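Peer 1: Got a structure for you, input28.csv, holding CSV, C-alpha atoms and all ligand atoms.
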chain,number,residue,atom,x,y,z
A,1,MET,CA,-27.5,8.5,-89.0
A,2,ARG,CA,-23.8,7.8,-89.7
A,3,ARG,CA,-24.1,9.2,-93.2
A,4,LEU,CA,-25.9,12.2,-92.0
A,5,ARG,CA,-23.3,12.9,-89.3
A,6,THR,CA,-20.5,12.5,-91.8
A,7,ALA,CA,-22.3,14.9,-94.1
A,8,PHE,CA,-22.5,17.4,-91.2
A,9,GLN,CA,-18.8,17.0,-90.5
A,10,VAL,CA,-17.7,17.2,-94.1
A,11,LEU,CA,-19.8,20.3,-94.7
A,12,VAL,CA,-18.4,22.1,-91.6
A,13,VAL,CA,-14.8,21.1,-92.3
A,14,ALA,CA,-15.1,22.3,-95.9
A,15,ALA,CA,-16.8,25.6,-94.9
A,16,VAL,CA,-14.1,26.3,-92.3
A,17,ALA,CA,-11.2,25.3,-94.7
A,18,VAL,CA,-12.6,27.5,-97.5
A,19,THR,CA,-13.0,30.4,-95.0
A,20,GLY,CA,-9.4,30.0,-93.9
A,21,VAL,CA,-8.0,29.9,-97.4
A,22,ARG,CA,-10.1,32.8,-98.6
A,23,HIS,CA,-9.0,34.9,-95.7
A,24,ALA,CA,-5.4,34.0,-96.2
A,25,LEU,CA,-5.6,34.9,-99.9
A,26,GLY,CA,-7.1,38.3,-99.1
A,27,TRP,CA,-10.4,37.4,-100.7
A,28,SER,CA,-12.5,37.8,-97.6
A,29,MET,CA,-12.3,39.5,-94.3
A,30,THR,CA,-14.1,36.6,-92.5
A,31,THR,CA,-11.7,34.7,-90.3
A,32,ILE,CA,-12.2,31.1,-89.0
A,33,GLU,CA,-12.4,32.6,-85.5
A,34,LYS,CA,-15.6,34.4,-86.3
A,35,TYR,CA,-17.8,31.3,-85.8
A,36,CYS,CA,-15.8,29.7,-83.0
A,37,PRO,CA,-18.0,29.3,-79.9
A,38,PHE,CA,-14.9,29.0,-77.6
A,39,GLY,CA,-14.1,32.6,-78.5
A,40,GLY,CA,-17.4,33.5,-76.7
A,41,LEU,CA,-16.1,32.0,-73.5
A,42,GLU,CA,-12.7,33.7,-74.0
A,43,THR,CA,-14.4,37.1,-74.3
A,44,ALA,CA,-16.9,36.6,-71.5
A,45,TYR,CA,-14.6,38.1,-68.8
A,46,ALA,CA,-13.9,41.3,-70.7
A,47,LEU,CA,-17.6,41.6,-71.5
A,48,VAL,CA,-18.6,41.3,-67.8
A,49,THR,CA,-15.8,43.6,-66.5
A,50,ARG,CA,-15.5,46.1,-69.3
A,51,GLN,CA,-18.6,45.7,-71.4
A,52,LYS,CA,-16.3,45.1,-74.3
A,53,PHE,CA,-15.2,42.1,-76.4
A,54,THR,CA,-11.7,40.7,-76.2
A,55,CYS,CA,-9.3,41.0,-79.2
A,56,ALA,CA,-11.1,39.7,-82.4
A,57,ALA,CA,-13.9,38.0,-80.6
A,58,GLY,CA,-17.4,39.4,-80.9
A,59,GLU,CA,-21.1,39.0,-80.4
A,60,LEU,CA,-21.3,36.0,-82.8
A,61,ASN,CA,-18.8,34.0,-80.8
A,62,LEU,CA,-20.8,34.8,-77.6
A,63,ALA,CA,-24.2,34.0,-79.1
A,64,LEU,CA,-22.8,30.7,-80.5
A,65,PHE,CA,-21.3,29.8,-77.2
A,66,LEU,CA,-24.6,30.4,-75.4
A,67,ALA,CA,-26.5,28.4,-78.0
A,68,LEU,CA,-23.8,25.7,-77.6
A,69,ILE,CA,-24.5,25.6,-73.8
A,70,LEU,CA,-28.2,25.1,-74.6
A,71,LEU,CA,-27.4,22.3,-77.1
A,72,THR,CA,-25.2,20.6,-74.6
A,73,LEU,CA,-27.9,20.7,-71.9
A,74,LEU,CA,-30.2,19.0,-74.3
A,75,ALA,CA,-27.9,16.8,-76.4
A,76,ARG,CA,-24.7,16.4,-74.4
A,77,LYS,CA,-21.6,17.0,-76.5
A,78,ALA,CA,-23.4,16.7,-79.8
A,79,PHE,CA,-21.4,19.7,-80.9
A,80,CYS,CA,-18.2,17.6,-80.7
A,81,GLY,CA,-19.6,14.7,-82.7
A,82,TRP,CA,-21.6,16.6,-85.2
A,83,VAL,CA,-20.1,20.1,-85.7
A,84,CYS,CA,-16.6,20.6,-84.4
A,85,PRO,CA,-14.3,20.6,-87.4
A,86,LEU,CA,-11.2,19.7,-85.4
A,87,GLY,CA,-13.1,16.9,-83.8
A,88,ALA,CA,-14.1,15.6,-87.2
A,89,VAL,CA,-10.6,15.7,-88.6
A,90,LEU,CA,-9.2,14.0,-85.5
A,91,GLU,CA,-11.9,11.4,-85.6
A,92,TRP,CA,-11.1,10.6,-89.2
A,93,TRP,CA,-7.4,10.6,-88.4
A,94,GLY,CA,-8.0,8.3,-85.4
A,95,ARG,CA,-9.9,5.9,-87.6
A,96,LEU,CA,-6.9,5.8,-90.0
A,97,GLY,CA,-4.7,5.1,-87.0
A,98,ARG,CA,-6.9,2.3,-85.9
A,99,ARG,CA,-6.8,0.7,-89.3
A,100,TRP,CA,-3.0,1.2,-89.8
A,101,LEU,CA,-2.0,0.1,-86.4
A,102,ARG,CA,-4.7,-2.5,-86.0
A,103,PHE,CA,-6.2,-1.2,-82.8
A,104,SER,CA,-9.3,-2.9,-81.7
A,105,SER,CA,-10.8,0.2,-80.1
A,106,PHE,CA,-10.5,4.0,-80.0
A,107,ASP,CA,-8.2,3.6,-76.9
A,108,GLY,CA,-5.3,2.9,-79.2
A,109,TRP,CA,-2.1,1.5,-77.6
A,110,TRP,CA,-3.1,2.4,-74.1
A,111,ARG,CA,-6.3,1.3,-72.5
A,112,PRO,CA,-6.7,3.1,-69.1
A,113,SER,CA,-9.2,2.1,-66.6
A,114,ASP,CA,-12.4,4.2,-66.6
A,115,ARG,CA,-11.3,5.8,-63.3
A,116,THR,CA,-7.8,6.7,-64.7
A,117,ARG,CA,-9.4,8.1,-67.8
A,118,LYS,CA,-11.8,10.3,-65.9
A,119,VAL,CA,-9.1,11.6,-63.6
A,120,LEU,CA,-6.8,12.4,-66.6
A,121,GLN,CA,-9.6,14.0,-68.5
A,122,THR,CA,-10.6,16.2,-65.6
A,123,VAL,CA,-7.1,17.2,-64.6
A,124,LEU,CA,-5.5,17.8,-68.0
A,125,ARG,CA,-8.4,19.5,-69.7
A,126,SER,CA,-9.1,21.7,-66.7
A,127,VAL,CA,-5.4,22.8,-66.6
A,128,VAL,CA,-5.5,23.7,-70.3
A,129,LEU,CA,-8.8,25.5,-69.9
A,130,ALA,CA,-7.6,27.4,-66.8
A,131,ALA,CA,-4.3,28.4,-68.6
A,132,VAL,CA,-6.1,29.6,-71.7
A,133,LEU,CA,-8.7,31.6,-69.9
A,134,ALA,CA,-6.2,33.1,-67.4
A,135,ALA,CA,-3.9,34.2,-70.2
A,136,THR,CA,-6.7,35.6,-72.3
A,137,TRP,CA,-8.4,37.4,-69.5
A,138,ALA,CA,-5.1,38.8,-68.2
A,139,THR,CA,-3.8,40.1,-71.6
A,140,GLY,CA,-7.1,40.8,-73.4
A,141,GLU,CA,-5.6,39.0,-76.4
A,142,LEU,CA,-6.5,35.6,-77.9
A,143,VAL,CA,-3.0,34.4,-77.0
A,144,PHE,CA,-3.9,30.7,-77.6
A,145,ARG,CA,-3.9,31.1,-81.4
A,146,GLY,CA,-0.4,29.9,-82.1
A,147,TYR,CA,-1.0,26.8,-79.9
A,148,ASP,CA,-4.6,26.1,-81.0
A,149,PRO,CA,-4.7,23.0,-83.3
A,150,TYR,CA,-8.0,24.3,-84.8
A,151,TYR,CA,-6.5,27.6,-85.7
A,152,ILE,CA,-3.2,26.1,-86.9
A,153,LEU,CA,-5.0,23.5,-89.0
A,154,PHE,CA,-7.6,25.7,-90.7
A,155,SER,CA,-6.3,29.3,-90.7
A,156,ALA,CA,-3.9,28.6,-93.7
A,157,HIS,CA,-0.9,30.0,-91.8
A,158,GLY,CA,-3.0,32.8,-90.1
A,159,HIS,CA,-2.1,35.6,-87.7
A,160,ASP,CA,0.2,34.4,-84.8
A,161,VAL,CA,0.9,31.0,-86.3
A,162,MET,CA,4.6,30.4,-86.0
A,163,PHE,CA,6.8,27.6,-87.4
A,164,TRP,CA,6.8,25.9,-84.0
A,165,SER,CA,3.0,25.9,-84.1
A,166,TYR,CA,3.2,23.1,-86.8
A,167,PHE,CA,5.3,21.0,-84.4
A,168,ILE,CA,2.4,21.3,-81.9
A,169,LEU,CA,0.0,20.2,-84.6
A,170,GLY,CA,2.3,17.4,-85.8
A,171,GLY,CA,2.7,16.2,-82.2
A,172,LEU,CA,-1.0,16.1,-81.7
A,173,LEU,CA,-1.5,14.2,-85.0
A,174,ALA,CA,1.1,11.7,-84.0
A,175,LEU,CA,-0.5,11.3,-80.6
A,176,GLY,CA,-3.9,11.0,-82.4
A,177,LEU,CA,-2.6,8.0,-84.4
A,178,ALA,CA,-1.4,6.2,-81.3
A,179,MET,CA,-4.2,7.3,-79.1
A,180,PRO,CA,-7.1,8.2,-81.4
A,181,MET,CA,-8.8,11.4,-80.4
A,182,ALA,CA,-6.4,12.1,-77.6
A,183,TRP,CA,-6.8,15.9,-78.0
A,184,CYS,CA,-10.6,15.6,-77.6
A,185,LYS,CA,-10.5,13.2,-74.7
A,186,TYR,CA,-7.6,14.7,-72.7
A,187,LEU,CA,-6.7,18.2,-73.7
A,188,CYS,CA,-9.6,20.1,-75.4
A,189,PRO,CA,-10.4,23.2,-73.2
A,190,LEU,CA,-13.9,23.5,-74.8
A,191,GLY,CA,-14.5,19.9,-73.8
A,192,ALA,CA,-13.7,20.8,-70.2
A,193,ALA,CA,-15.9,23.9,-70.4
A,194,LEU,CA,-18.9,22.0,-71.7
A,195,TRP,CA,-18.7,19.1,-69.3
A,196,PRO,CA,-20.8,20.7,-66.5
A,197,ALA,CA,-23.6,21.2,-69.0
A,198,SER,CA,-23.1,17.9,-70.8
A,199,LYS,CA,-23.2,15.7,-67.7
A,200,PRO,CA,-26.8,16.4,-66.8
A,201,GLY,CA,-27.7,16.4,-70.5
A,202,LEU,CA,-31.3,15.5,-71.3
A,203,LEU,CA,-30.9,13.0,-74.1
A,204,ARG,CA,-29.0,9.7,-73.4
A,205,LEU,CA,-28.6,6.3,-74.8
A,206,ARG,CA,-30.1,3.4,-72.9
A,207,ARG,CA,-29.0,-0.2,-73.2
A,208,SER,CA,-31.7,-2.8,-72.9
A,209,PRO,CA,-30.4,-5.8,-71.0
A,210,ASP,CA,-33.2,-7.9,-72.5
A,211,HIS,CA,-31.9,-7.4,-76.0
A,212,CYS,CA,-28.1,-6.9,-75.4
A,213,THR,CA,-25.9,-9.9,-75.9
A,214,GLU,CA,-22.9,-8.1,-74.2
A,215,CYS,CA,-20.8,-8.6,-77.3
A,216,GLY,CA,-18.9,-5.3,-76.6
A,217,ALA,CA,-19.1,-4.0,-80.2
A,218,CYS,CA,-20.5,-0.7,-78.9
A,219,ASP,CA,-17.5,-0.2,-76.6
A,220,ASP,CA,-15.0,-0.7,-79.5
A,221,ALA,CA,-17.0,1.6,-81.8
A,222,CYS,CA,-17.2,4.5,-79.4
A,223,PRO,CA,-14.8,7.3,-80.4
A,224,GLN,CA,-14.9,8.5,-76.8
A,225,SER,CA,-14.0,5.0,-75.5
A,226,LEU,CA,-17.0,4.9,-73.2
A,227,PRO,CA,-17.9,1.6,-71.6
A,228,VAL,CA,-21.4,1.4,-73.2
A,229,SER,CA,-21.8,-2.3,-72.7
A,230,SER,CA,-21.4,-2.2,-68.9
A,231,VAL,CA,-23.9,0.6,-68.1
A,232,MET,CA,-27.7,0.8,-68.3
A,233,GLU,CA,-27.6,4.3,-69.5
A,234,VAL,CA,-24.8,6.3,-71.1
A,235,ARG,CA,-24.8,9.2,-68.6
A,236,SER,CA,-21.2,10.2,-69.3
A,237,GLY,CA,-20.6,13.9,-70.0
A,238,GLU,CA,-18.3,12.8,-72.8
A,239,CYS,CA,-21.0,11.1,-75.0
A,240,THR,CA,-21.3,13.0,-78.3
A,241,LEU,CA,-24.5,11.3,-79.4
A,242,CYS,CA,-22.6,10.2,-82.5
A,243,PHE,CA,-24.6,6.9,-82.7
A,244,GLU,CA,-21.5,5.0,-83.6
A,245,CYS,CA,-22.4,2.5,-80.9
A,246,THR,CA,-25.9,2.0,-82.2
A,247,ALA,CA,-24.5,1.5,-85.7
A,248,ALA,CA,-22.1,-1.1,-84.5
A,249,CYS,CA,-24.7,-2.9,-82.4
A,250,PRO,CA,-25.9,-6.2,-84.1
A,251,VAL,CA,-29.1,-6.3,-82.1
A,252,ALA,CA,-32.0,-4.1,-83.0
A,253,GLY,CA,-33.4,-2.3,-80.0
A,254,ALA,CA,-30.5,-3.0,-77.7
A,255,LEU,CA,-29.5,0.7,-77.7
A,256,GLU,CA,-32.0,3.5,-77.9
A,257,LEU,CA,-32.0,7.2,-77.5
A,258,ARG,CA,-34.1,8.3,-74.5
A,259,ALA,CA,-35.2,11.4,-72.7
A,260,PRO,CA,-36.4,11.4,-69.1
A,261,GLY,CA,-40.1,10.8,-68.5
A,262,GLY,CA,-42.7,8.7,-70.4
A,263,LYS,CA,-42.7,4.9,-70.5
A,264,PRO,CA,-39.5,3.2,-69.1
B,1,MET,CA,-39.3,8.2,-73.3
B,2,ARG,CA,-38.0,7.0,-76.6
B,3,VAL,CA,-36.6,9.7,-78.8
B,4,PRO,CA,-35.9,9.3,-82.6
B,5,PRO,CA,-32.2,9.7,-83.3
B,6,TRP,CA,-32.8,12.5,-85.8
B,7,THR,CA,-33.7,14.7,-82.8
B,8,VAL,CA,-29.9,15.2,-82.3
B,9,PRO,CA,-29.1,16.8,-85.8
B,10,LEU,CA,-32.3,18.7,-85.5
B,11,LEU,CA,-31.3,20.2,-82.2
B,12,VAL,CA,-27.8,21.0,-83.6
B,13,LEU,CA,-29.4,22.9,-86.5
B,14,LEU,CA,-31.9,24.7,-84.2
B,15,CYS,CA,-29.2,25.8,-81.8
B,16,ALA,CA,-26.9,26.9,-84.6
B,17,ALA,CA,-29.7,29.0,-86.0
B,18,LEU,CA,-30.5,30.4,-82.6
B,19,GLY,CA,-26.8,31.4,-82.1
B,20,LEU,CA,-26.6,33.0,-85.5
B,21,ALA,CA,-29.8,34.9,-85.1
B,22,GLY,CA,-29.2,35.8,-81.5
B,23,ALA,CA,-25.9,37.5,-82.1
B,24,ARG,CA,-27.6,40.8,-83.1
B,25,PHE,CA,-28.9,41.2,-79.5
B,26,LEU,CA,-25.4,41.0,-78.1
B,27,VAL,CA,-23.6,43.6,-80.2
B,28,ARG,CA,-21.1,45.6,-78.2
B,29,PRO,CA,-18.3,47.9,-79.5
B,30,SER,CA,-14.7,46.8,-79.1
B,31,VAL,CA,-13.4,50.3,-78.9
B,32,VAL,CA,-15.1,53.7,-78.1
B,33,LEU,CA,-12.8,56.7,-78.2
B,34,ASP,CA,-13.9,60.3,-77.7
B,35,LEU,CA,-11.5,62.3,-79.7
B,36,ALA,CA,-12.8,65.8,-79.4
B,37,GLN,CA,-15.6,67.9,-77.8
B,38,ALA,CA,-18.2,68.8,-80.3
B,39,PRO,CA,-19.5,72.3,-80.4
B,40,SER,CA,-22.9,72.4,-78.7
B,41,ASP,CA,-24.7,73.7,-81.8
B,42,ALA,CA,-23.0,71.3,-84.2
B,43,ASP,CA,-25.2,69.1,-86.4
B,44,LEU,CA,-23.1,65.9,-86.2
B,45,ARG,CA,-23.1,63.0,-88.6
B,46,THR,CA,-21.9,59.4,-88.6
B,47,THR,CA,-20.0,57.7,-91.3
B,48,VAL,CA,-20.0,53.9,-91.2
B,49,LEU,CA,-16.9,52.2,-92.6
B,50,VAL,CA,-15.9,48.6,-93.2
B,51,VAL,CA,-12.2,48.5,-92.9
B,52,GLY,CA,-9.8,45.8,-94.1
B,53,GLY,CA,-7.1,45.5,-91.4
B,54,LEU,CA,-9.4,46.3,-88.5
B,55,PHE,CA,-10.0,43.0,-86.9
B,56,CYS,CA,-9.2,43.2,-83.2
B,57,VAL,CA,-9.1,45.7,-80.3
B,58,ASP,CA,-5.4,46.6,-81.1
B,59,THR,CA,-6.0,47.3,-84.8
B,60,ALA,CA,-9.1,49.2,-83.9
B,61,GLU,CA,-7.3,51.4,-81.4
B,62,ARG,CA,-4.6,52.0,-84.0
B,63,ALA,CA,-7.2,53.0,-86.5
B,64,ALA,CA,-8.6,55.4,-84.0
B,65,GLY,CA,-5.2,56.9,-83.6
B,66,GLN,CA,-5.3,57.7,-87.3
B,67,LEU,CA,-8.1,60.2,-86.6
B,68,ASP,CA,-6.6,61.6,-83.4
B,69,GLY,CA,-6.2,65.3,-84.0
B,70,LEU,CA,-8.2,65.3,-87.3
B,71,PRO,CA,-10.4,68.5,-87.0
B,72,GLY,CA,-14.1,67.8,-86.7
B,73,VAL,CA,-13.8,64.1,-85.6
B,74,VAL,CA,-15.7,63.7,-82.4
B,75,ARG,CA,-15.9,60.0,-81.6
B,76,PHE,CA,-14.6,56.7,-83.0
B,77,THR,CA,-16.5,53.5,-82.3
B,78,ALA,CA,-15.2,50.1,-83.7
B,79,TYR,CA,-16.8,46.7,-83.9
B,80,ALA,CA,-13.7,44.6,-84.5
B,81,SER,CA,-15.3,41.3,-85.2
B,82,ARG,CA,-17.3,42.9,-88.0
B,83,ASN,CA,-14.4,45.0,-89.3
B,84,ARG,CA,-16.6,48.0,-88.8
B,85,ALA,CA,-16.0,51.5,-87.6
B,86,GLU,CA,-18.5,54.3,-87.0
B,87,VAL,CA,-17.0,57.8,-86.9
B,88,LEU,CA,-19.0,60.7,-85.5
B,89,TYR,CA,-18.0,64.0,-87.0
B,90,ASP,CA,-18.9,67.6,-87.5
B,91,PRO,CA,-19.7,68.0,-91.3
B,92,ALA,CA,-18.9,71.7,-91.0
B,93,VAL,CA,-15.3,70.8,-90.4
B,94,ALA,CA,-14.6,67.3,-91.7
B,95,THR,CA,-16.0,65.1,-94.5
B,96,ALA,CA,-16.5,61.4,-94.8
B,97,GLU,CA,-13.8,61.4,-97.5
B,98,THR,CA,-11.2,63.1,-95.3
B,99,ILE,CA,-12.0,60.5,-92.6
B,100,ARG,CA,-11.6,57.6,-95.0
B,101,LYS,CA,-8.3,59.0,-96.3
B,102,ALA,CA,-7.0,59.6,-92.8
B,103,ILE,CA,-7.7,55.9,-91.9
B,104,GLU,CA,-6.0,54.7,-95.0
B,105,GLY,CA,-3.0,56.9,-94.6
B,106,PRO,CA,0.4,55.8,-93.3
B,107,VAL,CA,0.5,54.5,-89.8
B,108,TYR,CA,3.2,55.7,-87.4
B,109,ASP,CA,4.6,52.7,-85.5
B,110,LYS,CA,5.8,53.9,-82.1
B,111,GLU,CA,7.9,50.8,-81.5
B,112,THR,CA,10.0,51.1,-84.6
B,113,GLY,CA,9.6,54.8,-85.4
B,114,GLU,CA,8.7,53.9,-89.0
B,115,PHE,CA,5.6,54.6,-91.1
B,116,LEU,CA,3.6,51.6,-92.2
B,117,PHE,CA,1.7,51.8,-95.5
B,118,GLY,CA,-1.4,50.0,-96.5
B,119,LEU,CA,-2.4,48.8,-93.1
B,120,TYR,CA,-6.0,49.8,-93.4
B,121,ARG,CA,-8.2,49.8,-96.5
B,122,VAL,CA,-11.7,51.1,-96.4
B,123,VAL,CA,-13.7,48.6,-98.5
B,124,GLU,CA,-17.1,50.1,-97.8
B,125,ALA,CA,-18.3,53.5,-96.6
B,126,ASP,CA,-21.9,54.3,-95.9
B,127,GLY,CA,-23.0,51.4,-98.0
B,128,VAL,CA,-20.8,52.3,-101.0
B,129,LYS,CA,-18.2,49.6,-101.8
B,130,TYR,CA,-14.7,50.8,-102.7
B,131,SER,CA,-12.4,47.9,-103.3
B,132,ALA,CA,-11.9,44.2,-102.6
B,133,PRO,CA,-10.6,43.5,-99.0
C,301,LIG,S1,-21.7,6.2,-76.3
C,301,LIG,FE1,-22.3,6.0,-78.4
C,301,LIG,S2,-23.2,8.0,-78.9
C,301,LIG,FE2,-22.0,8.3,-77.1
C,301,LIG,S3,-20.0,8.9,-77.9
C,301,LIG,FE3,-19.9,6.7,-77.6
C,301,LIG,S4,-20.5,5.9,-79.6
C,301,LIG,FE4,-21.1,8.0,-79.6
C,302,LIG,S1,-23.2,-3.7,-79.3
C,302,LIG,FE1,-25.3,-4.0,-78.7
C,302,LIG,S2,-25.5,-6.1,-78.1
C,302,LIG,FE2,-23.3,-5.7,-78.2
C,302,LIG,S3,-22.8,-5.1,-76.0
C,302,LIG,FE3,-23.3,-3.2,-77.1
C,302,LIG,S4,-25.5,-2.9,-76.8
C,302,LIG,FE4,-25.1,-5.0,-76.3
Go ahead and render the structure in this file as structure tokens.
Ligand code: SF4
Ligand code: SF4

Peer 2:
Amino acid sequence: MRRLRTAFQVLVVAAVAVTGVRHALGWSMTTIEKYCPFGGLETAYALVTRQKFTCAAGELNLALFLALILLTLLARKAFCGWVCPLGAVLEWWGRLGRRWLRFSSFDGWWRPSDRTRKVLQTVLRSVVLAAVLAATWATGELVFRGYDPYYILFSAHGHDVMFWSYFILGGLLALGLAMPMAWCKYLCPLGAALWPASKPGLLRLRRSPDHCTECGACDDACPQSLPVSSVMEVRSGECTLCFECTAACPVAGALELRAPGGKP
Amino acid sequence: MRVPPWTVPLLVLLCAALGLAGARFLVRPSVVLDLAQAPSDADLRTTVLVVGGLFCVDTAERAAGQLDGLPGVVRFTAYASRNRAEVLYDPAVATAETIRKAIEGPVYDKETGEFLFGLYRVVEADGVKYSAP
């Protein structure tokens, strides 16, 4: 599963990077925004109130956003762990940080309590989401571009990317070394938007106390820093079903993917 | 109920396919501008253009401005995310070629008072490719 997931991530990152460079060189009119599901959410208000799309967003963004909601209702934040190119790059970057700075887990230098993490996640990401949506809906423009790490990273110096945009990206990368995947955990507006659909998500990992030796390897392997070893089921809306925990678990059958119903 | 892990990538692929295929049912224009009243007896035609430089609502509205006042042009509809414009015109007065040239012509920038050249390039008109984007 790990190899398959890495293959998904590499393919998406390569496709988006090539799209960005081709557009920047004038070889193609397809921008990296075309397939971004977050654009679907950004344009939703204009679509409801004026029956028109916002700025460069279009029907593909909206359709992909709706499909993403469906995926999230079924498989939690699988998009973040399997598809999101920014999530992939930040995960690889976080792994590098872990190795260089010898962190034992994806928490990095700061290991907040679960409660603190949840509060921070909710507050910070909701503020970012509210600010982005309010600005987009008020102006009818995708004003977030110059601040959006996805756009800055992959657009090959696209429209609206300023020199200070690279400071934002550099800052997030520096943060991502010290606190692996800090953007995904604490700031990503799409992560905030998906949470209500992800929390009741159908698929979930279940830990079998009969098999589990409580070694904690799953906790350290989880890119989202979820406390896998202390719950019976991972019901967190943050789980990306990346299967890093199952790969790290030394006991076969201790962690299994489950859907409601059937045999317990 | 136990579920095999490959269900997750399978769902990812299915939902991606659903999103890509479902987009066609959500098509809405970014800009629709009625530029002139058509004579009631006119036999109107539509020319479909793929325009380099038309990628958002602003650039679509600017492109529409290029046709403002052009005789025979009735309506301009743009689909910014597809770089696509559909122009309804009266073939007794205008031609697809004059429309194409008008869109590609110099653009007057109200803010600076200058003319901007090469802002739009028609790369495809009614299925005929003209140039690279
Ligand atoms: S709990 Fe397991 S599957 Fe969920 S995000 Fe953490 S490592 Fe990935
Ligand atoms: S890695 Fe496996 S055995 Fe260790 S605590 Fe997690 S579920 Fe239990």

Peer 1: B:Thr77: which residues within 9 Å, counting all atoms listed in the file, same-chain residues fewer than 3 positions away excluded, as a list in words?

Peer 2: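 In the requested format, the answer is Pro29, Ser30, Val31, Val32, Leu33, Asp34, Ala60, Ala64, Arg84, Ala85, Glu86, Val87 and Leu88 of chain B.
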
Peer 1: Please enclose the listed atoms of stretch 77-94 of chain B in an axis-aligned box, pad each side by 8 Å, and write out the centre and the three edge lengths in Å, rounded to one decimal, as JSON.

Peer 2:
{"center_x": -16.7, "center_y": 56.5, "center_z": -87.0, "size_x": 22.0, "size_y": 46.4, "size_z": 25.4}

Peer 1: Fewer than 4 positions away in the same chain doesn't count, so skip those; otherwise give me all residues within 12 Å of B:Phe115, counting only C-alpha atoms, as a list in words.

Peer 2: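 Counting only the stated atoms, we get Gln66, Gly105, Pro106, Val107, Tyr108, Asp109, Lys110, Glu111 and Leu119 of chain B.
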
Peer 1: When you get a sec, could you note down which chain A residues fall within 8 Å of chain B, using all atoms listed in the file, as a ChimeraX atom specification?

Peer 2: /A:1,5,26-29,34,51-60,62-68,70-71,75,78-79,82,241,256-264

Peer 1: May I have the selected residues written with C-alpha atoms, as a short mmCIF file (atom, residue, chain, number, x, y, z; two decimals), in the frame of the given file?

Peer 2:
data_model
loop_
_atom_site.label_atom_id
_atom_site.label_comp_id
_atom_site.auth_asym_id
_atom_site.auth_seq_id
_atom_site.Cartn_x
_atom_site.Cartn_y
_atom_site.Cartn_z
CA MET A 1 -27.50 8.50 -89.00
CA ARG A 5 -23.30 12.90 -89.30
CA GLY A 26 -7.10 38.30 -99.10
CA TRP A 27 -10.40 37.40 -100.70
CA SER A 28 -12.50 37.80 -97.60
CA MET A 29 -12.30 39.50 -94.30
CA LYS A 34 -15.60 34.40 -86.30
CA GLN A 51 -18.60 45.70 -71.40
CA LYS A 52 -16.30 45.10 -74.30
CA PHE A 53 -15.20 42.10 -76.40
CA THR A 54 -11.70 40.70 -76.20
CA CYS A 55 -9.30 41.00 -79.20
CA ALA A 56 -11.10 39.70 -82.40
CA ALA A 57 -13.90 38.00 -80.60
CA GLY A 58 -17.40 39.40 -80.90
CA GLU A 59 -21.10 39.00 -80.40
CA LEU A 60 -21.30 36.00 -82.80
CA LEU A 62 -20.80 34.80 -77.60
CA ALA A 63 -24.20 34.00 -79.10
CA LEU A 64 -22.80 30.70 -80.50
CA PHE A 65 -21.30 29.80 -77.20
CA LEU A 66 -24.60 30.40 -75.40
CA ALA A 67 -26.50 28.40 -78.00
CA LEU A 68 -23.80 25.70 -77.60
CA LEU A 70 -28.20 25.10 -74.60
CA LEU A 71 -27.40 22.30 -77.10
CA ALA A 75 -27.90 16.80 -76.40
CA ALA A 78 -23.40 16.70 -79.80
CA PHE A 79 -21.40 19.70 -80.90
CA TRP A 82 -21.60 16.60 -85.20
CA LEU A 241 -24.50 11.30 -79.40
CA GLU A 256 -32.00 3.50 -77.90
CA LEU A 257 -32.00 7.20 -77.50
CA ARG A 258 -34.10 8.30 -74.50
CA ALA A 259 -35.20 11.40 -72.70
CA PRO A 260 -36.40 11.40 -69.10
CA GLY A 261 -40.10 10.80 -68.50
CA GLY A 262 -42.70 8.70 -70.40
CA LYS A 263 -42.70 4.90 -70.50
CA PRO A 264 -39.50 3.20 -69.10
#

Peer 1: Rounded to one decimal place, report the atom CA of A:Val119-atom CA of A:Cys218 distance in Å.

Peer 2: 22.7 Å

Peer 1: Set the cut-off to 6 Å, count only C-alpha atoms and all ligand atoms, and list whatever residues fall near ligand LIG 301 (chain C) as a list in words.

Peer 2: Ala221, Cys222, Pro223, Gln224, Leu226, Val228, Cys239, Thr240, Leu241, Cys242, Phe243, Glu244 and Cys245 of chain A

Peer 1: Work out how far apart atom CA of B:Val48 and atom CA of B:Gly127 are and give it in Å to one decimal.

Peer 2: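 Atom-to-atom, atom CA of B:Val48 and atom CA of B:Gly127 are spaced 7.8 Å apart.
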
Peer 1: Could you list, as a ChimeraX atom specification, all residues that come within 8 Å of ligand LIG 302 (chain C)? Count only C-alpha atoms and all ligand atoms.

Peer 2: /A:207-209,211-219,228-230,245-246,248-252,254-255

Peer 1: Go through B:Ile103, B:Leu35, B:Val74, B:Val128 and flag the residue nearest B:Asp90, using all atoms listed in the file for the distances.

Peer 2: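 Residue with the minimum atom-to-atom distance to B:Asp90: B:Val74.
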
Peer 1: Could you state the separation of atom CA of A:Leu74 and atom CA of A:Leu202 in Å, given to one decimal place?

Peer 2: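 Atom CA of A:Leu202 lies 4.7 Å from atom CA of A:Leu74.
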
Peer 1: Of the candidates A:Asp210, A:Leu25, A:Gln9, A:Lys118, which shows the shortest atom-to-atom distance to A:His157, using all atoms listed in the file?

Peer 2: A:Leu25

Peer 1: Taking into account only C-alpha atoms, which residue in the set A:Ala182, A:Leu96, A:Ala156, A:Ala46 is nearest to A:Ala134?

Peer 2: A:Ala46

Peer 1: Which of these, A:Val132, A:Leu177, A:Ile152, A:Val83, has the shortest distance to A:Arg95 once you count only C-alpha atoms?

Peer 2: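 Ranking A:Val132, A:Leu177, A:Ile152, A:Val83 by distance to A:Arg95, first place goes to A:Leu177.
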